[in-house]
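Colleague: First the structure, which I've put down as structure tokens, then a few questions once you've had a look.
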Amino acid sequence: MVLLKLQNISYQSENKSILKNISLKIDAGDYLSIVGPSGSGKSTFLKLCAHLLSPTEGKIIFKGKDFRQYSPIDLRRKIGYCAQTPCLFGDTVEDNLSFPYLIRKEKVNLTRVQTLCSDFNLDFALLKKDVQSLSGGEKQRIALLRTLLFLPEIFLLDEVTSALDVTNTLLVEKVISSLNQKGTTVLWVTHNLEQSRKYANKLLTIENGEIKAEEVLK
Amino acid sequence: MNPGTTISISSLFIASSLVVVSLLFSYFQKLGLEKETLISVGRAIIQLVIVGYILEYIFGQKSPVFTTFLLAFMTFNAAYNAAKRGKNIRNGLLISFVSIAVGAMITLSVLLLSGAIQYEPFQVIPIGGMIISNAMVALGLCYRQLSSDFKDKRDEVEAKLALGADVLPASLEIIRGAIRTGMLPTIDSAKTLGIVALPGMMTGLILAGVSPVMAIRYQIMVTFMLLSTTAIASFMACYLAYRTFFNQRKQLI
Ligand SMILES: Nc1ncnc2c1ncn2[C@@H]1O[C@H](COP(=O)(O)OP(=O)(O)OP(=O)(O)O)[C@@H](O)[C@H]1O
Ligand SMILES: [Mg+2]
């Protein structure tokens, strides 16, 4: 089943053409790795899929309906997105983890938080810590965790292991691939060629704002 | 008012020698400020004389309609100036006008209902001027802070939007920061009242022969009304203005 379909997408910013005429179909359950040189438009591509930007031309279809037919909020709750530079807000880690519950007017599910913390090798005591005092790798994992408190149908990841050591990178890869096995569709931008082929079933190469190659791996 | 405190024209003339002191300084120290000093003194005299006659005329008008019209005119001018500080804000003029008007109206109503002042031009116009101009400065600060925060904290707002937040929860921290920025100067000046400087209004009343204890009552009222007007106007303006930074699809522009 086609979950996400991009039809002749172009994106321009201040007369600069960043993405040009991209068409792509992503099936439910896909694990798509996206690679390409720096500045080729990978992050912009993910932001379009997260509906944080709208394409200047073309349309994006999610489950047979145009993005524009969904309420932006509903759509973004179905599509998880982790930015290239993790941005934690508020004062403590707790503020970040309670935010997804707060906006849904729900009580924080501590068991869920605890499970995810141990999945990502994060000490539960970290919750009380000031966000300023965290290491880059801790921030990255908390940003991931924050997105997974409510399971999205599609998970968009932008170089989320760039600040992690080998052990923690493996850990994150494992969490993501097990999510994928349970049915979450994954789009993962990475600079790491080994990582791009490890779990993915498709590999997309973007260059200069265009699709350079589309490979089926498995 | 006690007549002994009236300034005669001749004493004003003698006091003008104080300007000469500043001119001499400028001349001998080669500050090059003589011309500017003369122009500024000249302007101050002409402007104040004109305003004096205008106020005398206005205070003579007993019609409440006229007073109300003047208040609306002052509010419009203040809104126009505040909106200039937030050029990127959609409907900036309207938002500023509504915010300042509501702030001033609530404050004036409380003062009128409590019997602290009467709806007479000589009371309502100076008080209106004070609260309206104070609100104007506050809104200018609010707009500047909103604009710079929506630029600097783009990642933070997008992170919240991506988590599925509506535009209000995604902007709440920025909105609160902007309201705070708008209100701080008024709060700070209230804190130092009477310690760092005697406020101009109180000094004026004392010079005119009002006892300091009475003058203080007025100053306390002024402090209250400045605080309430800035609070109301900043709050309204920020909550009305933040949507400007998003498009229809709830994306940051
Ligand atoms: N808001 C913007 N305004 C103007 N140009 C932009 C904007 N965002 C990105 N760009 C430009 O678009 C191009 C693609 O940027 P993008 O961040 O998508 O690249 P990327 O492939 O993710 O690069 P990297 O691997 O370094 O993260 C770059 O040339 C960048 O300068
Ligand atoms: Mg990028």
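By convention in this document, the chains of the structure tokens carry letters A, B, ... by their order, each chain's residues are numbered from 1, and ligands are numbered from 1 in the order they are shown.
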Considering only C-alpha atoms and all ligand atoms, tabulate each residue of chain A that lies at most 6 Å from ligand 1 along with its nearest interatomic pair and the corresponding distance in Å to one decimal; arrange the rows by chain and ascending residue number and present them as a tab-separated table.
Modeller:
```
residue	atom	partner	partner_atom_place_in_ligand_line	distance
A:Ser13	CA	ligand 1	4 (C)	5.1
A:Ile18	CA	ligand 1	12 (O)	5.0
A:Pro37	CA	ligand 1	25 (O)	5.9
A:Ser38	CA	ligand 1	25 (O)	3.5
A:Gly39	CA	ligand 1	19 (O)	3.5
A:Ser40	CA	ligand 1	21 (O)	4.0
A:Gly41	CA	ligand 1	18 (O)	3.1
A:Lys42	CA	ligand 1	21 (O)	3.7
A:Ser43	CA	ligand 1	22 (O)	3.6
A:Thr44	CA	ligand 1	18 (O)	3.8
```
Colleague: May I have the residues from that selection written out with N, CA and C atoms, as a tab-separated table (two decimals), in the first residue's frame?
Modeller:
```tsv
chain	number	residue	atom	x	y	z
A	13	SER	N	13.01	28.79	-2.32
A	13	SER	CA	13.06	29.74	-1.22
A	13	SER	C	13.81	30.96	-1.72
A	18	ILE	N	15.46	24.83	-4.39
A	18	ILE	CA	16.16	23.90	-3.50
A	18	ILE	C	15.83	22.45	-3.86
A	37	PRO	N	25.05	14.60	-0.99
A	37	PRO	CA	26.04	15.55	-0.48
A	37	PRO	C	25.40	16.66	0.36
A	38	SER	N	26.25	17.32	1.13
A	38	SER	CA	25.77	18.41	1.98
A	38	SER	C	25.19	19.53	1.11
A	39	GLY	N	24.04	20.02	1.52
A	39	GLY	CA	23.41	21.11	0.76
A	39	GLY	C	22.56	20.62	-0.40
A	40	SER	N	22.38	19.31	-0.52
A	40	SER	CA	21.64	18.79	-1.68
A	40	SER	C	20.13	18.91	-1.49
A	41	GLY	N	19.68	19.16	-0.25
A	41	GLY	CA	18.25	19.36	-0.05
A	41	GLY	C	17.57	18.27	0.77
A	42	LYS	N	18.37	17.44	1.45
A	42	LYS	CA	17.78	16.32	2.21
A	42	LYS	C	16.91	16.82	3.37
A	43	SER	N	17.44	17.79	4.11
A	43	SER	CA	16.67	18.28	5.26
A	43	SER	C	15.39	18.97	4.79
A	44	THR	N	15.49	19.71	3.72
A	44	THR	CA	14.31	20.38	3.16
A	44	THR	C	13.27	19.34	2.76
```
Colleague: What's the 10 Å shell around Val157 in chain B, counting only C-alpha atoms, without same-chain residues fewer than 6 positions away, as a count of residues only?
Modeller: 16
Colleague: Given a cut-off of 7 Å, which residues of chain B touch chain A, counting only C-alpha atoms, written out as a ChimeraX atom specification?
Modeller: /B:155-156,159,162-166,249-251
Colleague: Residues of the last selection are to be written out with all heavy atoms, as a PDB file, in the first residue's frame.
Modeller:
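As a result, part.pdb now contains:
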```pdb
ATOM      1  N   ASP B 155      13.853  26.975  15.450  1.00  0.00           N
ATOM      2  CA  ASP B 155      13.998  25.526  15.663  1.00  0.00           C
ATOM      3  C   ASP B 155      13.078  25.039  16.776  1.00  0.00           C
ATOM      4  O   ASP B 155      12.481  23.969  16.688  1.00  0.00           O
ATOM      5  CB  ASP B 155      15.441  25.181  16.040  1.00  0.00           C
ATOM      6  CG  ASP B 155      16.365  25.291  14.840  1.00  0.00           C
ATOM      7  OD1 ASP B 155      15.839  25.431  13.709  1.00  0.00           O
ATOM      8  OD2 ASP B 155      17.583  25.251  15.028  1.00  0.00           O
ATOM      9  N   GLU B 156      12.996  25.845  17.823  1.00  0.00           N
ATOM     10  CA  GLU B 156      12.179  25.461  18.960  1.00  0.00           C
ATOM     11  C   GLU B 156      10.701  25.415  18.575  1.00  0.00           C
ATOM     12  O   GLU B 156       9.987  24.457  18.897  1.00  0.00           O
ATOM     13  CB  GLU B 156      12.401  26.473  20.087  1.00  0.00           C
ATOM     14  CG  GLU B 156      11.650  26.135  21.341  1.00  0.00           C
ATOM     15  CD  GLU B 156      11.944  27.118  22.471  1.00  0.00           C
ATOM     16  OE1 GLU B 156      13.083  27.596  22.583  1.00  0.00           O
ATOM     17  OE2 GLU B 156      11.011  27.399  23.233  1.00  0.00           O
ATOM     18  N   ALA B 159      10.106  22.474  16.364  1.00  0.00           N
ATOM     19  CA  ALA B 159      10.130  21.216  17.112  1.00  0.00           C
ATOM     20  C   ALA B 159       8.765  20.979  17.758  1.00  0.00           C
ATOM     21  O   ALA B 159       8.237  19.864  17.749  1.00  0.00           O
ATOM     22  CB  ALA B 159      11.228  21.252  18.170  1.00  0.00           C
ATOM     23  N   ALA B 162       6.182  20.123  15.127  1.00  0.00           N
ATOM     24  CA  ALA B 162       6.390  18.764  14.633  1.00  0.00           C
ATOM     25  C   ALA B 162       5.839  17.737  15.623  1.00  0.00           C
ATOM     26  O   ALA B 162       5.407  16.656  15.230  1.00  0.00           O
ATOM     27  CB  ALA B 162       7.874  18.517  14.378  1.00  0.00           C
ATOM     28  N   LEU B 163       5.847  18.082  16.905  1.00  0.00           N
ATOM     29  CA  LEU B 163       5.304  17.153  17.903  1.00  0.00           C
ATOM     30  C   LEU B 163       3.780  17.159  17.893  1.00  0.00           C
ATOM     31  O   LEU B 163       3.139  16.410  18.617  1.00  0.00           O
ATOM     32  CB  LEU B 163       5.807  17.528  19.297  1.00  0.00           C
ATOM     33  CG  LEU B 163       7.277  17.205  19.571  1.00  0.00           C
ATOM     34  CD1 LEU B 163       7.733  17.839  20.873  1.00  0.00           C
ATOM     35  CD2 LEU B 163       7.501  15.702  19.611  1.00  0.00           C
ATOM     36  N   GLY B 164       3.196  18.034  17.060  1.00  0.00           N
ATOM     37  CA  GLY B 164       1.742  18.049  16.934  1.00  0.00           C
ATOM     38  C   GLY B 164       1.072  19.152  17.723  1.00  0.00           C
ATOM     39  O   GLY B 164      -0.123  19.079  17.995  1.00  0.00           O
ATOM     40  N   ALA B 165       1.857  20.177  18.088  1.00  0.00           N
ATOM     41  CA  ALA B 165       1.268  21.269  18.854  1.00  0.00           C
ATOM     42  C   ALA B 165       0.589  22.259  17.918  1.00  0.00           C
ATOM     43  O   ALA B 165       1.012  22.444  16.791  1.00  0.00           O
ATOM     44  CB  ALA B 165       2.349  21.987  19.657  1.00  0.00           C
ATOM     45  N   ASP B 166      -0.456  22.892  18.418  1.00  0.00           N
ATOM     46  CA  ASP B 166      -1.089  23.972  17.672  1.00  0.00           C
ATOM     47  C   ASP B 166      -0.182  25.199  17.777  1.00  0.00           C
ATOM     48  O   ASP B 166       0.765  25.219  18.555  1.00  0.00           O
ATOM     49  CB  ASP B 166      -2.478  24.265  18.271  1.00  0.00           C
ATOM     50  CG  ASP B 166      -3.384  24.967  17.265  1.00  0.00           C
ATOM     51  OD1 ASP B 166      -2.861  25.488  16.257  1.00  0.00           O
ATOM     52  OD2 ASP B 166      -4.606  24.993  17.476  1.00  0.00           O
ATOM     53  N   ARG B 249      -1.418  26.936   6.960  1.00  0.00           N
ATOM     54  CA  ARG B 249      -1.129  25.533   7.248  1.00  0.00           C
ATOM     55  C   ARG B 249      -0.346  25.388   8.551  1.00  0.00           C
ATOM     56  O   ARG B 249       0.307  24.368   8.758  1.00  0.00           O
ATOM     57  CB  ARG B 249      -0.354  24.894   6.084  1.00  0.00           C
ATOM     58  CG  ARG B 249      -1.108  24.895   4.764  1.00  0.00           C
ATOM     59  CD  ARG B 249      -2.436  24.158   4.850  1.00  0.00           C
ATOM     60  NE  ARG B 249      -2.255  22.762   5.230  1.00  0.00           N
ATOM     61  CZ  ARG B 249      -3.264  21.973   5.619  1.00  0.00           C
ATOM     62  NH1 ARG B 249      -4.482  22.445   5.691  1.00  0.00           N
ATOM     63  NH2 ARG B 249      -3.020  20.715   5.932  1.00  0.00           N
ATOM     64  N   LYS B 250      -0.391  26.385   9.387  1.00  0.00           N
ATOM     65  CA  LYS B 250       0.286  26.374  10.681  1.00  0.00           C
ATOM     66  C   LYS B 250       1.774  26.080  10.534  1.00  0.00           C
ATOM     67  O   LYS B 250       2.351  25.284  11.283  1.00  0.00           O
ATOM     68  CB  LYS B 250      -0.383  25.378  11.636  1.00  0.00           C
ATOM     69  CG  LYS B 250      -1.879  25.639  11.719  1.00  0.00           C
ATOM     70  CD  LYS B 250      -2.550  25.043  12.905  1.00  0.00           C
ATOM     71  CE  LYS B 250      -4.029  25.364  12.846  1.00  0.00           C
ATOM     72  NZ  LYS B 250      -4.750  25.457  14.027  1.00  0.00           N
ATOM     73  N   GLN B 251       2.370  26.702   9.531  1.00  0.00           N
ATOM     74  CA  GLN B 251       3.820  26.606   9.346  1.00  0.00           C
ATOM     75  C   GLN B 251       4.420  27.977   9.634  1.00  0.00           C
ATOM     76  O   GLN B 251       3.795  28.992   9.355  1.00  0.00           O
ATOM     77  CB  GLN B 251       4.132  26.206   7.890  1.00  0.00           C
ATOM     78  CG  GLN B 251       3.597  24.843   7.517  1.00  0.00           C
ATOM     79  CD  GLN B 251       3.513  24.616   6.021  1.00  0.00           C
ATOM     80  OE1 GLN B 251       3.530  25.561   5.235  1.00  0.00           O
ATOM     81  NE2 GLN B 251       3.410  23.367   5.622  1.00  0.00           N
TER      82      GLN B 251
END
```
Colleague: From the list A:Gln69, A:Thr92, A:Gln7, A:Asn208, which residue is nearest Lys128 in chain A when using only C-alpha atoms?
Modeller: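 Counting only C-alpha atoms, the residue closest to Lys128 in chain A is A:Thr92.
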Colleague: Report as a CSV table (one decimal) with N, CA and C atoms, in the first residue's frame all protein, DNA and RNA residues lying within 12 Å of Asp165 in chain A, evaluated on only C-alpha atoms, omitting residues in the same chain fewer than 2 positions from it.
Modeller:
```csv
chain,number,residue,atom,x,y,z
A,135,SER,N,24.8,16.6,27.3
A,135,SER,CA,25.7,16.4,26.2
A,135,SER,C,25.0,16.3,24.9
A,136,GLY,N,25.7,16.5,23.8
A,136,GLY,CA,25.1,16.5,22.5
A,136,GLY,C,24.3,15.2,22.2
A,137,GLY,N,25.0,14.1,22.6
A,137,GLY,CA,24.4,12.8,22.4
A,137,GLY,C,23.1,12.6,23.2
A,138,GLU,N,23.1,13.1,24.4
A,138,GLU,CA,22.0,13.0,25.3
A,138,GLU,C,20.8,13.8,24.7
A,140,GLN,N,20.3,14.4,21.6
A,140,GLN,CA,19.8,13.8,20.4
A,140,GLN,C,18.9,12.6,20.8
A,141,ARG,N,19.2,11.9,21.8
A,141,ARG,CA,18.4,10.7,22.2
A,141,ARG,C,17.1,11.2,22.9
A,160,VAL,N,20.1,11.7,12.9
A,160,VAL,CA,20.0,11.7,14.3
A,160,VAL,C,21.0,10.9,15.1
A,161,THR,N,22.0,10.3,14.4
A,161,THR,CA,23.0,9.7,15.2
A,161,THR,C,24.4,10.4,15.0
A,162,SER,N,24.3,11.6,14.5
A,162,SER,CA,25.6,12.3,14.2
A,162,SER,C,26.4,12.6,15.5
A,163,ALA,N,25.8,12.7,16.6
A,163,ALA,CA,26.5,13.1,17.8
A,163,ALA,C,26.7,11.9,18.8
A,167,THR,N,28.4,2.7,20.3
A,167,THR,CA,27.4,1.9,21.1
A,167,THR,C,26.0,2.4,21.0
A,168,ASN,N,25.9,3.8,21.2
A,168,ASN,CA,24.6,4.4,21.2
A,168,ASN,C,24.0,4.5,19.8
A,169,THR,N,24.9,4.6,18.8
A,169,THR,CA,24.4,4.6,17.4
A,169,THR,C,23.7,3.2,17.2
A,170,LEU,N,24.4,2.1,17.6
A,170,LEU,CA,23.8,0.8,17.4
A,170,LEU,C,22.5,0.7,18.1
A,171,LEU,N,22.5,1.2,19.3
A,171,LEU,CA,21.2,1.2,20.1
A,171,LEU,C,20.1,1.8,19.4
A,172,VAL,N,20.3,3.0,18.9
A,172,VAL,CA,19.3,3.8,18.2
A,172,VAL,C,18.8,3.0,17.0
```
Colleague: Write out as a VMD selection string each polymer residue whose atoms come within 10 Å of range 185-198 of chain A, counting only C-alpha atoms; drop sequence neighbours fewer than 2 positions from it.
Modeller: chain A and resid 3 to 4 26 to 38 42 to 43 45 to 46 49 79 to 82 84 152 to 162 169 to 170 173 176 to 177 179 to 183 200 to 205 217 to 218
Colleague: Could you save the residues just selected, with N, CA and C atoms, as a compact mmCIF listing (two decimals), in the first residue's frame?
Modeller:
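Saved file result12.txt follows:
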```txt
# COMPACT_ATOMS: atom_id res chain seq x y z
N LEU A 3 1.82 4.67 1.12
CA LEU A 3 1.46 5.47 2.29
C LEU A 3 1.65 6.96 2.00
N LEU A 4 2.79 7.24 1.36
CA LEU A 4 3.13 8.64 1.08
C LEU A 4 3.53 8.75 -0.39
N ILE A 26 6.24 5.99 -1.36
CA ILE A 26 6.76 5.27 -0.20
C ILE A 26 5.66 4.35 0.30
N ASP A 27 5.97 3.06 0.38
CA ASP A 27 4.97 2.09 0.83
C ASP A 27 4.93 2.03 2.35
N ALA A 28 3.78 1.63 2.87
CA ALA A 28 3.67 1.41 4.31
C ALA A 28 4.68 0.34 4.70
N GLY A 29 5.44 0.59 5.75
CA GLY A 29 6.42 -0.38 6.21
C GLY A 29 7.79 -0.22 5.59
N ASP A 30 7.92 0.69 4.66
CA ASP A 30 9.24 0.93 4.06
C ASP A 30 10.23 1.46 5.08
N TYR A 31 11.49 1.17 4.80
CA TYR A 31 12.59 1.73 5.57
C TYR A 31 13.50 2.35 4.51
N LEU A 32 13.36 3.67 4.36
CA LEU A 32 14.05 4.35 3.27
C LEU A 32 15.22 5.16 3.80
N SER A 33 16.40 4.87 3.29
CA SER A 33 17.56 5.69 3.65
C SER A 33 17.73 6.76 2.59
N ILE A 34 18.06 7.96 3.03
CA ILE A 34 18.26 9.07 2.09
C ILE A 34 19.68 9.58 2.26
N VAL A 35 20.43 9.56 1.18
CA VAL A 35 21.81 10.06 1.23
C VAL A 35 21.99 11.13 0.16
N GLY A 36 23.11 11.82 0.25
CA GLY A 36 23.38 12.87 -0.73
C GLY A 36 24.35 13.86 -0.13
N PRO A 37 25.05 14.60 -0.99
CA PRO A 37 26.04 15.55 -0.48
C PRO A 37 25.40 16.66 0.36
N SER A 38 26.25 17.32 1.13
CA SER A 38 25.77 18.41 1.98
C SER A 38 25.19 19.53 1.11
N LYS A 42 18.37 17.44 1.45
CA LYS A 42 17.78 16.32 2.21
C LYS A 42 16.91 16.82 3.37
N SER A 43 17.44 17.79 4.11
CA SER A 43 16.67 18.28 5.26
C SER A 43 15.39 18.97 4.79
N PHE A 45 13.74 18.25 2.15
CA PHE A 45 12.85 17.16 1.75
C PHE A 45 12.08 16.62 2.97
N LEU A 46 12.79 16.39 4.07
CA LEU A 46 12.11 15.87 5.27
C LEU A 46 11.12 16.88 5.84
N CYS A 49 7.98 16.65 4.10
CA CYS A 49 7.22 15.46 4.50
C CYS A 49 6.61 15.64 5.89
N ILE A 79 2.87 11.91 11.79
CA ILE A 79 4.19 11.90 11.17
C ILE A 79 5.21 12.46 12.14
N GLY A 80 6.02 11.59 12.71
CA GLY A 80 7.04 12.04 13.66
C GLY A 80 8.24 12.60 12.91
N TYR A 81 8.86 13.63 13.48
CA TYR A 81 10.00 14.25 12.80
C TYR A 81 11.07 14.63 13.80
N CYS A 82 12.29 14.21 13.52
CA CYS A 82 13.41 14.58 14.38
C CYS A 82 14.40 15.41 13.58
N GLN A 84 17.64 17.84 12.38
CA GLN A 84 19.08 17.59 12.29
C GLN A 84 19.81 18.06 13.55
N PRO A 152 4.29 7.39 15.95
CA PRO A 152 3.85 7.94 14.66
C PRO A 152 3.71 6.83 13.62
N GLU A 153 2.99 7.12 12.54
CA GLU A 153 2.90 6.14 11.45
C GLU A 153 4.11 6.22 10.55
N ILE A 154 4.61 7.44 10.39
CA ILE A 154 5.84 7.63 9.63
C ILE A 154 6.83 8.33 10.55
N PHE A 155 8.08 7.90 10.45
CA PHE A 155 9.08 8.49 11.31
C PHE A 155 10.17 9.08 10.44
N LEU A 156 10.35 10.40 10.52
CA LEU A 156 11.34 11.10 9.70
C LEU A 156 12.55 11.44 10.56
N LEU A 157 13.71 10.97 10.17
CA LEU A 157 14.91 11.18 10.99
C LEU A 157 15.98 11.89 10.18
N ASP A 158 16.48 13.00 10.73
CA ASP A 158 17.51 13.76 10.01
C ASP A 158 18.84 13.65 10.74
N GLU A 159 19.68 12.75 10.27
CA GLU A 159 21.02 12.55 10.85
C GLU A 159 21.00 12.50 12.36
N VAL A 160 20.15 11.66 12.89
CA VAL A 160 19.95 11.66 14.35
C VAL A 160 21.04 10.95 15.13
N THR A 161 21.98 10.32 14.44
CA THR A 161 23.04 9.66 15.22
C THR A 161 24.38 10.38 15.04
N SER A 162 24.34 11.60 14.50
CA SER A 162 25.61 12.29 14.21
C SER A 162 26.43 12.60 15.46
N THR A 169 24.87 4.59 18.80
CA THR A 169 24.36 4.56 17.43
C THR A 169 23.69 3.21 17.16
N LEU A 170 24.38 2.14 17.56
CA LEU A 170 23.81 0.80 17.36
C LEU A 170 22.49 0.66 18.09
N GLU A 173 19.79 2.55 16.22
CA GLU A 173 19.44 1.78 15.01
C GLU A 173 18.54 0.61 15.35
N ILE A 176 15.00 1.80 16.18
CA ILE A 176 14.27 2.23 14.98
C ILE A 176 13.89 1.02 14.13
N SER A 177 14.82 0.08 13.98
CA SER A 177 14.49 -1.05 13.11
C SER A 177 13.43 -1.94 13.75
N LEU A 179 10.99 -0.78 15.57
CA LEU A 179 9.76 -0.03 15.30
C LEU A 179 9.29 -0.31 13.88
N ASN A 180 10.27 -0.32 12.96
CA ASN A 180 9.95 -0.57 11.56
C ASN A 180 9.35 -1.96 11.38
N GLN A 181 9.92 -2.92 12.14
CA GLN A 181 9.38 -4.27 12.03
C GLN A 181 7.94 -4.35 12.53
N LYS A 182 7.62 -3.45 13.47
CA LYS A 182 6.25 -3.44 13.98
C LYS A 182 5.32 -2.63 13.10
N GLY A 183 5.87 -2.09 11.99
CA GLY A 183 4.97 -1.44 11.02
C GLY A 183 5.18 0.04 10.78
N ALA A 200 17.83 -0.72 5.82
CA ALA A 200 16.89 -0.14 4.86
C ALA A 200 16.51 -1.11 3.77
N ASN A 201 15.28 -0.96 3.24
CA ASN A 201 14.91 -1.75 2.06
C ASN A 201 14.97 -0.90 0.79
N LYS A 202 15.09 0.43 0.97
CA LYS A 202 15.23 1.30 -0.19
C LYS A 202 16.28 2.37 0.10
N LEU A 203 16.95 2.79 -0.95
CA LEU A 203 17.98 3.82 -0.79
C LEU A 203 17.76 4.91 -1.82
N LEU A 204 17.65 6.14 -1.33
CA LEU A 204 17.38 7.26 -2.23
C LEU A 204 18.58 8.20 -2.20
N THR A 205 19.08 8.56 -3.38
CA THR A 205 20.19 9.51 -3.42
C THR A 205 19.69 10.82 -4.00
N LEU A 217 16.92 -2.30 -2.00
CA LEU A 217 18.00 -3.08 -1.39
C LEU A 217 17.57 -4.50 -1.05
N LYS A 218 16.36 -4.63 -0.56
CA LYS A 218 15.93 -5.97 -0.14
C LYS A 218 14.58 -6.31 -0.79
```
Colleague: Select, from A:Ile22, A:Ile206, A:Leu116, A:Glu57, the residue with the minimum atom-to-atom distance to ligand 2, counting only C-alpha atoms and all ligand atoms.
Modeller: A:Ile206
